[in-house]
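Engineer: Please find one structure pasted underneath; my questions will follow.
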Amino acid sequence: MPTVAPVDLDDHCLAVTFLEEVPVFALASGLVVRLDHGTHRHELHDGLLAATRSWDGQSLISGGEDGKVVQLRADGTEVELRGPGRKWVSAVASGPQGAVAFSEGRTVTVLLADKTERTFEEARTVEGLAFAPKGLRIAMARYNGVSLAFVNGNAPALDFEWKGAHNQVTFSPDGRFLVTAMQENALHGWKLDGKPGGEQRHMRMTGYPAKVKSLSWSNKGKWLASSGAPSAIVWPFSGKDGPMGKAPLELGQRADTMVTCVACHPVEDMVAIGFGDGMVLAVRIADSKEALLRRPGKGAVTSMAWNKPGRLLAFGTQAGDCGVVDIAG
């Protein structure tokens, strides 16, 4: 049976991750807690809005209501990448070669490792950011679609249009697909053919009873797991056309509560599924075999992350009922 080390933080947990082998919990108040031979507390923001692990896995990048963008390293070192500003930093992303992006309203700023900056202006508020897995390209989710811009050079941004509000964006690990979560209960995707101005193939992924707030790619990108239903909805992306014309898998179905968070295992084709009542299941994609990782607790599961070997799973809930599960017991 897996063992759970509980961490009671009494505040909405927005993001969890591992920096090297150190579990880190980022709370809505702006407090970030590291569990590294004891509990270490970092007051990074006056109101945290977004946090993500860096591309190299060595630090946490966060943005907040105070306009600051901060890097917290695995050893606890805090680096202010951008000081307080007048606007909220509502989305952050980490990319290859040490690049960091953040959005405030309609403006996106990309900070490069050599300290140079690039800014991009959109017509509408940018809700989500993601870097492409290859090449320095940034995707910016907004109302009516996504803009895809090259960070270096002056090539014009590519527009991927689809009516409605897009509030999250993610690339498949092989860079062939771009997927957004929408304000309505749906995902939308585009197949990227790699040619500037090339044909855009749309992928509509609908039928969710609730808004999709959590997305996670399987380790080789064959599957995209999502929340927003009484089971984890897992779309197949192994074929050349992704999920077009294919039904998703429904894993970990429960009758009385919704899936609120998903996190695919870093090595196996397996997904951790967090529910509105705090329960966490691990489910194998191949045969839907389930293992209970955590019994129901306080608050909906809002974030989960595996360590690199995939033995430890950190989780956080809306009520601050956090912890680390050792699946080996």
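In the structure tokens, the first chain shown is A, the next is B, and so on; residue numbers restart at 1 for each chain, and ligands run from 1 in the order shown.
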Run DSSP on the backbone and tell me which residues of segment 101-136 of chain A come out as strand (DSSP E or B); list them as a list in words.
Structural biologist: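 The strand (DSSP E or B) subset of segment 101-136 of chain A is Ala101, Phe102, Ser103, Glu104, Thr107, Val108, Thr109, Val110, Leu111, Glu117, Arg118, Thr119, Phe120, Glu121, Gly128, Leu129, Ala130 and Phe131 of chain A.
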Engineer: Smallest atom-to-atom distance to Gly329 of chain A: which of A:Ala15, A:Ala305, A:Leu293, A:Ile285, using only C-alpha atoms?
Structural biologist: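 So, comparing all the options, the nearest one is A:Leu293.
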Engineer: Would you mind listing what lies within 9 Å of Thr3 of chain A as JSON, numbers by chain, with only C-alpha atoms counted and same-chain residues fewer than 5 positions away left out?
Structural biologist: {"A": [293, 294, 324, 325, 326, 327, 328, 329]}
Engineer: Restricting it to C-alpha atoms, dump the selection as a short mmCIF file (atom, residue, chain, number, x, y, z; two decimals), in the first residue's frame.
Structural biologist:
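Resulting contents of again-v1.cif:
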```cif
data_model
loop_
_atom_site.label_atom_id
_atom_site.label_comp_id
_atom_site.auth_asym_id
_atom_site.auth_seq_id
_atom_site.Cartn_x
_atom_site.Cartn_y
_atom_site.Cartn_z
CA LEU A 293 -2.99 6.44 -3.64
CA ARG A 294 -4.96 8.64 -1.22
CA VAL A 324 3.70 13.33 -0.79
CA VAL A 325 2.74 9.75 -1.72
CA ASP A 326 5.43 7.05 -1.95
CA ILE A 327 3.88 4.53 -4.32
CA ALA A 328 6.40 1.86 -3.31
CA GLY A 329 5.05 2.01 0.26
#
```
Engineer: Considering only C-alpha atoms, return as an NGL selection string whatever protein or nucleic-acid residues lie within 9 Å of Ile138 of chain A, sequence-local ones (same chain, fewer than 3 positions apart) excluded.
Structural biologist: :A and (93 or 95 or 101 or 110 or 129-132 or 147-151)
Engineer: For Lys115 of chain A, please output as an MDAnalysis selection string all residues within 10 Å (counting only C-alpha atoms; exclusion window: fewer than 3 positions along the same chain).
Structural biologist: chainID A and resid 81 99 110:112
Engineer: Emit the selected residues as a tab-separated table (two decimals), in the first residue's frame, including N, CA, C and O atoms.
Structural biologist:
```
chain	number	residue	atom	x	y	z
A	81	LEU	N	13.33	37.96	-11.10
A	81	LEU	CA	13.57	38.16	-12.53
A	81	LEU	C	12.96	39.47	-13.03
A	81	LEU	O	13.42	40.06	-13.99
A	99	ALA	N	14.98	30.25	-21.26
A	99	ALA	CA	14.00	31.30	-21.53
A	99	ALA	C	12.83	31.23	-20.55
A	99	ALA	O	12.40	30.15	-20.14
A	110	VAL	N	9.29	37.90	-22.99
A	110	VAL	CA	10.18	36.74	-22.94
A	110	VAL	C	11.56	37.21	-22.48
A	110	VAL	O	12.15	38.11	-23.08
A	111	LEU	N	12.05	36.64	-21.38
A	111	LEU	CA	13.39	36.92	-20.87
A	111	LEU	C	14.31	35.80	-21.30
A	111	LEU	O	14.06	34.63	-20.99
A	112	LEU	N	15.39	36.15	-21.99
A	112	LEU	CA	16.35	35.14	-22.44
A	112	LEU	C	17.51	35.03	-21.46
A	112	LEU	O	17.73	35.94	-20.64
```
Engineer: With a distance cut-off of 12 Å and only C-alpha atoms, select the neighbouring residues of Thr260 of chain A, excluding the residue or stretch itself and same-chain residues fewer than 4 positions from it, and output the selection as a PyMOL selection string.
Structural biologist: chain A and resi 210-215+225-233+272-281+299-304+315-318
Engineer: For the residues in the current selection, export N, CA, C and O atoms as a short mmCIF file (atom, residue, chain, number, x, y, z; two decimals), in the first residue's frame.
Structural biologist:
```cif
data_model
loop_
_atom_site.label_atom_id
_atom_site.label_comp_id
_atom_site.auth_asym_id
_atom_site.auth_seq_id
_atom_site.Cartn_x
_atom_site.Cartn_y
_atom_site.Cartn_z
N ALA A 210 -17.86 19.65 -17.41
CA ALA A 210 -17.31 20.80 -16.67
C ALA A 210 -16.10 21.36 -17.42
O ALA A 210 -15.61 20.75 -18.37
N LYS A 211 -15.63 22.51 -16.97
CA LYS A 211 -14.48 23.14 -17.60
C LYS A 211 -13.21 22.31 -17.34
O LYS A 211 -13.03 21.78 -16.24
N VAL A 212 -12.36 22.21 -18.34
CA VAL A 212 -11.10 21.46 -18.21
C VAL A 212 -10.05 22.39 -17.58
O VAL A 212 -9.67 23.39 -18.18
N LYS A 213 -9.59 22.03 -16.38
CA LYS A 213 -8.60 22.86 -15.69
C LYS A 213 -7.23 22.22 -15.62
O LYS A 213 -6.26 22.87 -15.24
N SER A 214 -7.14 20.92 -15.98
CA SER A 214 -5.87 20.21 -15.83
C SER A 214 -5.61 19.35 -17.06
O SER A 214 -6.51 18.62 -17.51
N LEU A 215 -4.38 19.46 -17.60
CA LEU A 215 -3.96 18.69 -18.77
C LEU A 215 -2.59 18.08 -18.48
O LEU A 215 -1.76 18.71 -17.82
N ALA A 225 -4.07 13.43 -21.11
CA ALA A 225 -5.08 13.24 -20.06
C ALA A 225 -5.66 14.60 -19.67
O ALA A 225 -4.96 15.62 -19.70
N SER A 226 -6.95 14.60 -19.30
CA SER A 226 -7.62 15.85 -18.95
C SER A 226 -8.64 15.63 -17.85
O SER A 226 -9.17 14.54 -17.67
N SER A 227 -8.91 16.72 -17.10
CA SER A 227 -9.94 16.71 -16.07
C SER A 227 -11.26 17.19 -16.69
O SER A 227 -11.37 17.34 -17.90
N GLY A 228 -12.26 17.46 -15.83
CA GLY A 228 -13.51 18.04 -16.32
C GLY A 228 -14.65 17.07 -16.52
O GLY A 228 -15.66 17.41 -17.14
N ALA A 229 -14.52 15.85 -15.97
CA ALA A 229 -15.57 14.83 -16.10
C ALA A 229 -15.48 13.91 -14.87
O ALA A 229 -14.54 14.02 -14.09
N PRO A 230 -16.44 12.98 -14.69
CA PRO A 230 -16.35 12.05 -13.56
C PRO A 230 -15.23 11.01 -13.71
O PRO A 230 -14.98 10.24 -12.79
N SER A 231 -14.58 10.99 -14.88
CA SER A 231 -13.40 10.15 -15.10
C SER A 231 -12.35 11.02 -15.77
O SER A 231 -12.66 12.11 -16.27
N ALA A 232 -11.11 10.55 -15.81
CA ALA A 232 -10.08 11.24 -16.58
C ALA A 232 -10.33 10.94 -18.05
O ALA A 232 -10.46 9.77 -18.44
N ILE A 233 -10.42 11.97 -18.86
CA ILE A 233 -10.64 11.81 -20.30
C ILE A 233 -9.26 11.83 -20.96
O ILE A 233 -8.52 12.82 -20.85
N ALA A 272 -1.96 9.68 -12.68
CA ALA A 272 -2.52 9.97 -11.35
C ALA A 272 -3.74 10.86 -11.57
O ALA A 272 -3.68 11.83 -12.33
N ILE A 273 -4.84 10.50 -10.90
CA ILE A 273 -6.11 11.21 -11.08
C ILE A 273 -6.56 11.73 -9.71
O ILE A 273 -6.75 10.95 -8.77
N GLY A 274 -6.74 13.05 -9.62
CA GLY A 274 -7.20 13.68 -8.39
C GLY A 274 -8.65 14.11 -8.54
O GLY A 274 -9.07 14.57 -9.61
N PHE A 275 -9.43 13.96 -7.47
CA PHE A 275 -10.88 14.19 -7.53
C PHE A 275 -11.31 15.36 -6.64
O PHE A 275 -10.55 15.83 -5.79
N GLY A 276 -12.56 15.76 -6.84
CA GLY A 276 -13.14 16.86 -6.09
C GLY A 276 -13.25 16.61 -4.60
O GLY A 276 -13.34 17.55 -3.82
N ASP A 277 -13.24 15.35 -4.20
CA ASP A 277 -13.31 15.03 -2.76
C ASP A 277 -11.94 14.74 -2.16
O ASP A 277 -11.84 14.28 -1.02
N GLY A 278 -10.88 15.00 -2.92
CA GLY A 278 -9.53 14.81 -2.39
C GLY A 278 -8.91 13.44 -2.63
O GLY A 278 -7.74 13.23 -2.34
N MET A 279 -9.70 12.49 -3.18
CA MET A 279 -9.13 11.17 -3.46
C MET A 279 -8.14 11.25 -4.62
O MET A 279 -8.29 12.07 -5.52
N VAL A 280 -7.12 10.38 -4.59
CA VAL A 280 -6.16 10.25 -5.70
C VAL A 280 -6.04 8.77 -6.07
O VAL A 280 -5.80 7.92 -5.21
N LEU A 281 -6.22 8.49 -7.36
CA LEU A 281 -6.04 7.14 -7.91
C LEU A 281 -4.87 7.16 -8.89
O LEU A 281 -4.62 8.17 -9.54
N GLY A 299 -10.91 19.20 0.60
CA GLY A 299 -10.71 20.01 -0.60
C GLY A 299 -10.43 19.21 -1.85
O GLY A 299 -9.91 18.10 -1.82
N ALA A 300 -10.80 19.82 -2.98
CA ALA A 300 -10.53 19.22 -4.29
C ALA A 300 -9.03 19.24 -4.57
O ALA A 300 -8.33 20.17 -4.20
N VAL A 301 -8.54 18.19 -5.25
CA VAL A 301 -7.13 18.15 -5.65
C VAL A 301 -6.92 19.18 -6.76
O VAL A 301 -7.60 19.14 -7.79
N THR A 302 -5.99 20.11 -6.55
CA THR A 302 -5.77 21.20 -7.51
C THR A 302 -4.44 21.09 -8.25
O THR A 302 -4.27 21.72 -9.30
N SER A 303 -3.50 20.32 -7.73
CA SER A 303 -2.22 20.17 -8.43
C SER A 303 -1.53 18.88 -8.00
O SER A 303 -1.65 18.47 -6.84
N MET A 304 -0.84 18.25 -8.94
CA MET A 304 -0.05 17.04 -8.64
C MET A 304 1.20 17.03 -9.52
O MET A 304 1.19 17.57 -10.63
N PHE A 315 1.04 16.23 -4.03
CA PHE A 315 -0.30 16.72 -4.37
C PHE A 315 -0.65 17.89 -3.46
O PHE A 315 -0.13 18.03 -2.35
N GLY A 316 -1.55 18.74 -3.95
CA GLY A 316 -2.07 19.85 -3.16
C GLY A 316 -3.55 20.02 -3.44
O GLY A 316 -4.02 19.67 -4.52
N THR A 317 -4.28 20.54 -2.46
CA THR A 317 -5.72 20.71 -2.62
C THR A 317 -6.12 22.17 -2.40
O THR A 317 -5.34 23.00 -1.95
N GLN A 318 -7.40 22.42 -2.71
CA GLN A 318 -7.97 23.75 -2.55
C GLN A 318 -7.94 24.20 -1.09
O GLN A 318 -7.87 25.38 -0.80
#
```
Engineer: Which value, in Å to one decimal, gives the distance between atom CA of Gly105 of chain A and atom CA of His202 of chain A?
Structural biologist: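 That distance, rounded to one decimal, is 26.8 Å.
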Engineer: Would you please work out which residue, of A:Gly242, A:Thr119, A:Arg53, A:Gly135, is nearest to Val179 of chain A when using only C-alpha atoms?
Structural biologist: A:Gly242
